[in-house]
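Below is my_file03.txt, holding compact mmCIF, C-alpha atoms.
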```
# COMPACT_ATOMS: atom_id res chain seq x y z
CA MET A 1 105.69 121.87 119.65
CA ARG A 2 108.05 124.64 120.74
CA GLY A 3 110.09 126.68 118.30
CA LYS A 4 113.69 125.64 117.68
CA THR A 5 116.77 127.46 116.43
CA ILE A 6 118.68 125.50 113.80
CA GLN A 7 122.04 126.72 112.61
CA VAL A 8 123.15 125.76 109.10
CA PHE A 9 126.73 126.54 108.14
CA LEU A 10 127.70 126.56 104.45
CA THR A 11 131.31 125.45 104.58
CA ASP A 12 132.24 126.94 101.20
CA GLY A 13 129.53 129.58 101.02
CA SER A 14 127.48 127.59 98.52
CA PRO A 15 123.99 126.30 99.40
CA ARG A 16 124.72 123.28 97.18
CA GLY A 17 127.96 122.35 98.89
CA ILE A 18 128.83 120.72 102.23
CA LYS A 19 126.57 121.92 105.05
CA LEU A 20 126.69 121.53 108.82
CA ALA A 21 123.33 121.67 110.60
CA GLU A 22 122.63 121.60 114.31
CA ILE A 23 120.18 122.67 116.97
CA THR A 24 122.49 124.98 118.84
CA SER A 25 121.66 123.68 122.32
CA ASN A 26 121.94 119.96 121.39
CA ILE A 27 124.94 117.69 120.86
CA GLU A 28 123.93 116.20 117.47
CA GLN A 29 125.32 117.57 114.24
CA ALA A 30 124.24 116.69 110.69
CA ILE A 31 126.81 116.89 107.90
CA PHE A 32 125.31 117.12 104.41
CA ILE A 33 127.72 116.00 101.66
CA PRO A 34 126.95 115.93 97.92
CA ARG A 35 128.59 112.88 96.35
CA SER A 36 130.71 115.14 94.16
CA LYS A 37 132.20 116.74 97.31
CA MET A 38 133.51 113.59 98.97
CA ASN A 39 137.16 114.55 98.52
CA GLU A 40 136.55 117.96 100.06
CA ALA A 41 134.63 116.38 102.94
CA SER A 42 137.59 114.16 103.82
CA LYS A 43 139.49 117.29 104.91
CA ARG A 44 137.01 117.90 107.73
CA LYS A 45 137.67 116.20 111.07
CA GLU A 46 133.95 115.82 111.94
CA VAL A 47 133.38 113.23 109.22
CA SER A 48 135.71 110.69 110.84
CA ARG A 49 133.78 110.48 114.10
CA PRO A 50 131.42 107.62 115.09
CA GLY A 51 127.87 108.12 113.95
CA ILE A 52 125.08 106.99 111.68
CA TYR A 53 124.76 107.98 108.05
CA PHE A 54 122.13 108.15 105.35
CA LEU A 55 122.67 107.80 101.60
CA PHE A 56 119.89 109.44 99.59
CA GLY A 57 119.09 109.02 95.91
CA LYS A 58 116.38 109.03 93.27
CA ASN A 59 114.37 106.09 92.00
CA GLY A 60 113.26 107.53 88.68
CA GLU A 61 110.87 110.39 88.02
CA ASP A 62 107.99 110.70 90.48
CA ARG A 63 108.74 107.49 92.37
CA LYS A 64 109.69 107.11 95.99
CA PRO A 65 113.27 108.22 96.68
CA LEU A 66 115.81 105.74 98.00
CA VAL A 67 117.78 105.67 101.23
CA TYR A 68 120.45 103.47 102.77
CA ILE A 69 121.01 103.72 106.53
CA GLY A 70 124.27 102.66 108.16
CA GLN A 71 126.60 103.28 111.09
CA SER A 72 130.34 103.30 111.58
CA ARG A 73 133.14 104.33 113.89
CA ASN A 74 134.41 106.40 110.95
CA CYS A 75 131.46 107.49 108.86
CA LEU A 76 133.25 108.89 105.82
CA ASP A 77 135.58 105.92 105.43
CA ARG A 78 132.59 103.61 105.56
CA ILE A 79 130.70 105.63 102.95
CA LYS A 80 133.69 105.48 100.61
CA THR A 81 133.40 101.69 100.57
CA HIS A 82 129.89 102.10 99.14
CA ASP A 83 131.03 104.11 96.12
CA GLN A 84 131.43 101.13 93.79
CA LYS A 85 128.65 99.02 95.31
CA LYS A 86 125.83 101.56 95.54
CA ASP A 87 125.28 103.74 92.50
CA PHE A 88 121.90 105.19 93.43
CA TRP A 89 122.90 107.84 95.95
CA ASN A 90 123.63 111.51 95.32
CA TYR A 91 123.77 112.88 98.86
CA ALA A 92 125.08 111.63 102.17
CA VAL A 93 124.07 112.94 105.59
CA LEU A 94 126.23 112.02 108.56
CA ILE A 95 124.97 112.36 112.14
CA ILE A 96 127.74 112.71 114.71
CA SER A 97 128.12 114.04 118.24
CA LYS A 98 129.68 117.48 118.60
CA THR A 99 130.99 116.37 122.00
CA GLU A 100 132.32 113.07 120.57
CA SER A 101 130.14 111.17 123.04
CA PHE A 102 128.67 108.58 120.64
CA THR A 103 130.01 105.08 121.31
CA GLN A 104 129.56 101.97 119.17
CA THR A 105 126.56 101.05 121.32
CA HIS A 106 124.96 104.43 120.68
CA VAL A 107 125.33 104.30 116.91
CA GLU A 108 124.19 100.67 116.61
CA TYR A 109 121.03 101.45 118.56
CA LEU A 110 120.37 104.61 116.52
CA GLU A 111 120.91 102.72 113.26
CA GLU A 112 118.34 100.08 114.23
CA LEU A 113 115.86 102.69 115.41
CA ALA A 114 116.32 104.72 112.21
CA ILE A 115 115.68 101.68 110.00
CA THR A 116 112.58 100.75 112.00
CA LYS A 117 111.12 104.27 111.95
CA ALA A 118 111.92 104.78 108.26
CA THR A 119 110.14 101.53 107.45
CA GLU A 120 107.10 102.60 109.46
CA ALA A 121 106.94 106.05 107.84
CA ASN A 122 107.20 104.51 104.35
CA ARG A 123 108.31 107.78 102.75
CA TYR A 124 111.45 106.29 101.17
CA LEU A 125 112.39 102.89 99.76
CA LEU A 126 115.08 101.35 101.96
CA GLU A 127 118.15 99.91 100.29
CA ASN A 128 119.12 98.00 103.43
CA SER A 129 119.20 94.31 102.58
CA VAL A 130 118.84 92.87 106.09
CA ASN A 131 116.41 93.46 108.92
CA PRO A 132 117.95 95.02 112.02
CA ARG A 133 118.28 92.89 115.13
CA LYS A 134 116.60 93.82 118.37
CA PHE A 135 119.21 95.92 120.13
CA LYS A 136 118.96 96.26 123.91
CA VAL A 137 120.42 99.08 125.99
CA PRO A 138 119.88 100.20 129.61
CA GLU A 139 116.72 102.19 130.23
CA THR A 140 118.59 105.37 131.10
CA MET A 141 120.68 105.19 127.92
CA GLU A 142 117.59 104.49 125.83
CA ALA A 143 115.92 107.65 127.09
CA ASP A 144 118.92 109.72 125.98
CA LEU A 145 119.07 107.96 122.61
CA LEU A 146 115.40 108.64 121.96
CA ASP A 147 116.14 112.32 122.54
CA ASN A 148 119.04 112.03 120.09
CA PHE A 149 116.73 110.49 117.52
CA ASP A 150 114.16 113.28 117.86
CA THR A 151 116.89 115.76 116.95
CA ILE A 152 118.08 113.60 114.05
CA LYS A 153 114.53 113.52 112.69
CA ILE A 154 114.32 117.33 112.73
CA LEU A 155 117.77 117.89 111.23
CA LEU A 156 117.17 115.50 108.33
CA SER A 157 113.86 117.14 107.49
CA THR A 158 115.45 120.60 107.68
CA LEU A 159 118.01 119.44 105.09
CA GLY A 160 115.21 118.27 102.79
CA PHE A 161 114.82 114.62 103.79
CA PRO A 162 111.53 114.02 105.73
CA LEU A 163 112.48 110.38 106.16
CA PHE A 164 110.69 109.74 109.44
CA TYR A 165 107.50 111.77 109.00
CA THR A 166 104.45 109.59 108.40
CA ILE A 167 101.85 110.75 105.90
CA ASN A 168 98.57 110.69 107.81
CA LYS A 169 95.07 111.63 106.81
CA GLU A 170 93.85 114.21 109.27
CA GLU A 171 90.13 113.58 109.66
CA LYS A 172 89.43 117.15 110.80
CA SER A 173 91.57 118.78 108.14
CA LYS A 174 89.87 121.48 106.10
CA GLU A 175 92.26 120.81 103.24
CA ILE A 176 90.93 117.42 102.06
CA LEU A 177 90.54 117.46 98.27
CA TYR A 178 88.68 115.16 95.90
CA CYS A 179 89.34 113.96 92.35
CA LYS A 180 86.48 112.29 90.45
CA GLY A 181 86.10 110.80 86.98
CA LYS A 182 84.36 107.70 85.57
CA GLU A 183 84.89 105.11 88.34
CA ALA A 184 87.64 107.13 90.01
CA LEU A 185 87.06 108.75 93.39
CA ALA A 186 90.15 109.83 95.31
CA GLU A 187 90.88 111.90 98.39
CA GLY A 188 94.11 113.76 98.92
CA GLU A 189 95.88 116.73 100.43
CA TYR A 190 98.45 119.20 99.14
CA LYS A 191 101.41 119.25 101.54
CA GLU A 192 104.78 120.97 101.75
CA ASP A 193 106.70 118.29 99.85
CA GLY A 194 104.10 117.01 97.40
CA PHE A 195 100.51 115.85 96.90
CA VAL A 196 99.28 112.91 98.98
CA VAL A 197 96.62 110.53 97.68
CA PHE A 198 95.10 108.75 100.66
CA LYS A 199 94.72 105.04 101.25
CA GLY A 200 91.38 103.70 99.98
CA SER A 201 91.19 106.09 97.03
CA VAL A 202 89.87 104.61 93.77
CA ALA A 203 91.69 105.05 90.44
CA ASN A 204 90.50 104.22 86.94
CA LYS A 205 92.01 100.94 85.79
CA ASP A 206 92.68 101.72 82.14
CA LEU A 207 95.07 104.37 80.92
CA ALA A 208 94.02 106.54 78.00
CA PRO A 209 95.80 105.80 74.68
CA ALA A 210 97.31 109.31 74.70
CA CYS A 211 99.25 108.62 77.91
CA ASN A 212 103.01 108.79 77.38
CA ASN A 213 105.62 106.27 78.52
CA TRP A 214 106.37 108.24 81.67
CA ILE A 215 102.75 107.89 82.83
CA LYS A 216 102.68 104.21 81.87
CA ASN A 217 105.93 103.49 83.68
CA HIS A 218 104.73 105.31 86.78
CA ARG A 219 101.51 103.29 86.82
CA ALA A 220 103.51 100.07 86.41
CA ASN A 221 105.70 101.07 89.35
CA LEU A 222 102.69 101.72 91.58
CA ILE A 223 101.33 98.28 90.69
CA GLU A 224 104.71 96.61 91.20
CA ARG A 225 105.05 98.16 94.65
CA LYS A 226 101.47 97.07 95.41
CA VAL A 227 100.41 100.63 96.10
CA LEU A 228 97.61 99.95 93.59
CA LEU A 229 95.62 96.74 93.83
CA GLU A 230 92.98 95.79 91.27
CA LYS A 231 89.49 95.11 92.61
CA ASN A 232 86.18 94.99 90.71
CA GLY A 233 87.59 96.67 87.61
CA VAL A 234 89.33 99.57 89.38
CA TYR A 235 92.55 100.15 91.30
CA ILE A 236 92.48 100.81 95.04
CA PHE A 237 95.28 102.67 96.82
CA GLN A 238 96.59 100.34 99.53
CA GLU A 239 98.54 103.07 101.32
CA ASN A 240 98.99 106.81 101.35
CA GLU A 241 101.14 107.75 98.36
CA ILE A 242 102.93 111.06 97.87
CA PHE A 243 103.36 112.47 94.36
CA ASN A 244 105.66 115.24 93.22
CA SER A 245 102.75 117.37 92.00
CA PRO A 246 98.94 117.58 92.02
CA SER A 247 98.95 116.85 88.29
CA SER A 248 100.93 113.60 88.53
CA ALA A 249 98.53 112.48 91.29
CA ALA A 250 95.44 113.35 89.23
CA THR A 251 96.89 111.65 86.15
CA GLN A 252 97.25 108.33 87.97
CA VAL A 253 93.82 108.60 89.55
CA LEU A 254 92.03 109.46 86.30
CA GLY A 255 94.20 107.37 83.98
CA ARG A 256 94.77 110.22 81.56
CA ASN A 257 96.65 113.49 81.17
CA ALA A 258 95.26 115.84 83.78
CA ASN A 259 95.81 119.27 85.31
CA GLY A 260 95.77 118.57 89.02
CA TRP A 261 95.28 122.24 89.89
CA THR A 262 91.79 122.09 88.38
CA GLU A 263 90.95 118.39 88.88
CA TRP A 264 91.44 118.39 92.67
CA LYS A 265 88.55 120.18 94.38
CA ASP A 266 87.33 120.70 97.92
CA LYS A 267 83.89 119.66 99.18
CA ASN A 268 82.44 122.95 97.90
CA GLY A 269 83.75 122.44 94.38
CA LYS A 270 86.57 124.97 94.58
CA THR A 271 89.67 123.87 92.70
CA LEU A 272 93.10 123.62 94.24
CA ASP A 273 94.12 126.54 92.06
CA ASP A 274 91.28 128.68 93.47
CA LEU A 275 92.15 127.72 97.04
CA LYS A 276 95.83 128.59 96.67
CA ARG A 277 95.01 131.97 95.11
CA LYS A 278 93.38 133.14 98.34
```

Could you quickly redo this structure as structure tokens?
Amino acid sequence: MRGKTIQVFLTDGSPRGIKLAEITSNIEQAIFIPRSKMNEASKRKEVSRPGIYFLFGKNGEDRKPLVYIGQSRNCLDRIKTHDQKKDFWNYAVLIISKTESFTQTHVEYLEELAITKATEANRYLLENSVNPRKFKVPETMEADLLDNFDTIKILLSTLGFPLFYTINKEEKSKEILYCKGKEALAEGEYKEDGFVVFKGSVANKDLAPACNNWIKNHRANLIERKVLLEKNGVYIFQENEIFNSPSSAATQVLGRNANGWTEWKDKNGKTLDDLKRK
């Protein structure tokens, strides 16, 4: 992949305020808006253009974050209608065209594609209540829209939302780590935005009595989402699952309080802590 220049403009000089992000040679622009800055955002003309938007929020400590994906001819006005109906979100990201070239057809197609790709990546829990319909556009338009989407994917990740990036186990990776204990045997990898436990990993079924409510609630959530499925007295990971830290991953695998920096080891027995001290 070639290098790219991304320009991020802090509209009020604060890194926690409204931000405009764009690849300078492309037409797409991402507008990052904290929920507390909605009134300030309404003073900007870009926010009233047609586009798609994403509402991001938390789903409790160390659980998958939430996202709602929508489209509108006037993005900010549409988001304001969500204020009373959707309490989960803290940040909105609008994607508009700097050249004002997005039509209703463009944004409807991009919305459907975004929902489909977010579902496939499985990094966030979608708050969308209906499945998108199959939206057809001419072949030439579709090619342009796929280019638009590639830029959207990069801009969202640059702003801290890797919504469309699938967590894959790289068979040839030298960074595969292992966590073992009792019946537990898990494989994982430490990545930029957390620690991934790979599908097929085995976790101890029972939690130690000393585990606090946070650990118990997290385990219950993994079971409820069917990430963990009981089989032959252990839990099996049914999909790749990303945790906020190596320790939270090790705790769920081992069923007890654990220091992930020493519990996760490579094939030679070196701990994650040793590896990152190189």

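In this model, the gap between CA of Phe149 in chain A and CA of Lys64 in chain A comes to 22.9 Å.
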
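With all atoms listed in the file as the atoms that count, the residue of A:Glu139, A:Gly255, A:Gln71, A:Phe56 with the shortest distance to Phe161 in chain A is A:Phe56.
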
Problem set entry | Pick from A:Asn232, A:Asn257, A:Gln29, A:Thr116 nearest to Pro209 in chain A, counting all atoms listed in the file | A:Asn257

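Shortest separation to Gln252 in chain A among A:Thr103, A:Ser25, A:Thr166, A:Asn204 occurs at residue A:Asn204, atoms counted being only C-alpha atoms.
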
Problem set entry | Which residue of A:Met38, A:Ile152, A:Ile242, A:Leu272 approaches Glu175 in chain A most closely, using only C-alpha atoms | A:Leu272

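In this structure, CA of Glu230 in chain A sits 27.0 Å away from CA of Lys191 in chain A.
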
Problem set entry | From A:Ala210, A:His218, A:Trp261, A:Ile223, residue lying nearest Asp273 in chain A [all atoms listed in the file] | A:Trp261

For this session: Work out how far apart CA of Arg73 in chain A and CA of Ile31 in chain A are and give it in Å to one decimal.
Result: 15.3 Å

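Take the candidates A:Lys4, A:Lys37, A:Lys205, A:Lys86 and check each one against Asn128 in chain A using all atoms listed in the file; the shortest distance goes to A:Lys86.
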
For this session: Show which residues sit within 6 Å of range 41-52 of chain A, as a PyMOL selection string. Count only C-alpha atoms, and ignore same-chain residues fewer than 3 positions away.
Result: chain A and resi 38+70-76+95-96+107

Which range 3-61 of chain A residues have any atom within 9 Å of an atom of range 155-158 of chain A, and for each, what is the nearest pair of atoms with distance in Å to one decimal, counting only C-alpha atoms, rows sorted by chain and number, as CSV?
```
residue,atom,partner,partner_atom,distance
A:Ile6,CA,A:Leu155,CA,8.1
A:Ala21,CA,A:Leu155,CA,6.8
A:Glu22,CA,A:Leu155,CA,6.8
A:Ile23,CA,A:Leu155,CA,7.8
A:Glu28,CA,A:Leu155,CA,8.9
A:Gln29,CA,A:Leu155,CA,8.1
A:Ala30,CA,A:Leu155,CA,6.6
```

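Close contacts of Leu145 in chain A, defined as residues with an atom at most 10 Å away when counting only C-alpha atoms, with chain neighbours fewer than 5 positions off set aside, comprise Phe102, His106, Val107, Tyr109, Leu110, Leu113, Val137, Glu139, Thr140, Asp150 and Thr151 of chain A.
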
For this session: Would you list the contacts of Arg256 in chain A as a PyMOL selection string, taking every protein, DNA or RNA residue within 10 Å and counting only C-alpha atoms, but skipping same-chain residues closer than 3 positions in sequence?
Result: chain A and resi 204+206-212+215-216+248+250-253+259

Could the residues in this selection be saved with C-alpha atoms as a short mmCIF file (atom, residue, chain, number, x, y, z; two decimals), keeping the file's coordinate frame?
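Output below, filename out.cif:
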```cif
data_model
loop_
_atom_site.label_atom_id
_atom_site.label_comp_id
_atom_site.auth_asym_id
_atom_site.auth_seq_id
_atom_site.Cartn_x
_atom_site.Cartn_y
_atom_site.Cartn_z
CA ASN A 204 90.50 104.22 86.94
CA ASP A 206 92.68 101.72 82.14
CA LEU A 207 95.07 104.37 80.92
CA ALA A 208 94.02 106.54 78.00
CA PRO A 209 95.80 105.80 74.68
CA ALA A 210 97.31 109.31 74.70
CA CYS A 211 99.25 108.62 77.91
CA ASN A 212 103.01 108.79 77.38
CA ILE A 215 102.75 107.89 82.83
CA LYS A 216 102.68 104.21 81.87
CA SER A 248 100.93 113.60 88.53
CA ALA A 250 95.44 113.35 89.23
CA THR A 251 96.89 111.65 86.15
CA GLN A 252 97.25 108.33 87.97
CA VAL A 253 93.82 108.60 89.55
CA ASN A 259 95.81 119.27 85.31
#
```

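The neighbours of Phe198 in chain A here are the residues that come within 12 Å of it, using only C-alpha atoms and leaving out any residue fewer than 6 positions away in the same chain; they are Ile167, Asn168, Lys169, Glu170, Glu171, Ile176, Leu177, Tyr178, Cys179, Leu185, Ala186, Glu187, Gly188, Glu189, Tyr190, Val227, Leu228, Ile236, Phe237, Gln238, Glu239, Asn240, Glu241, Ile242, Phe243, Ala249 and Val253 of chain A.
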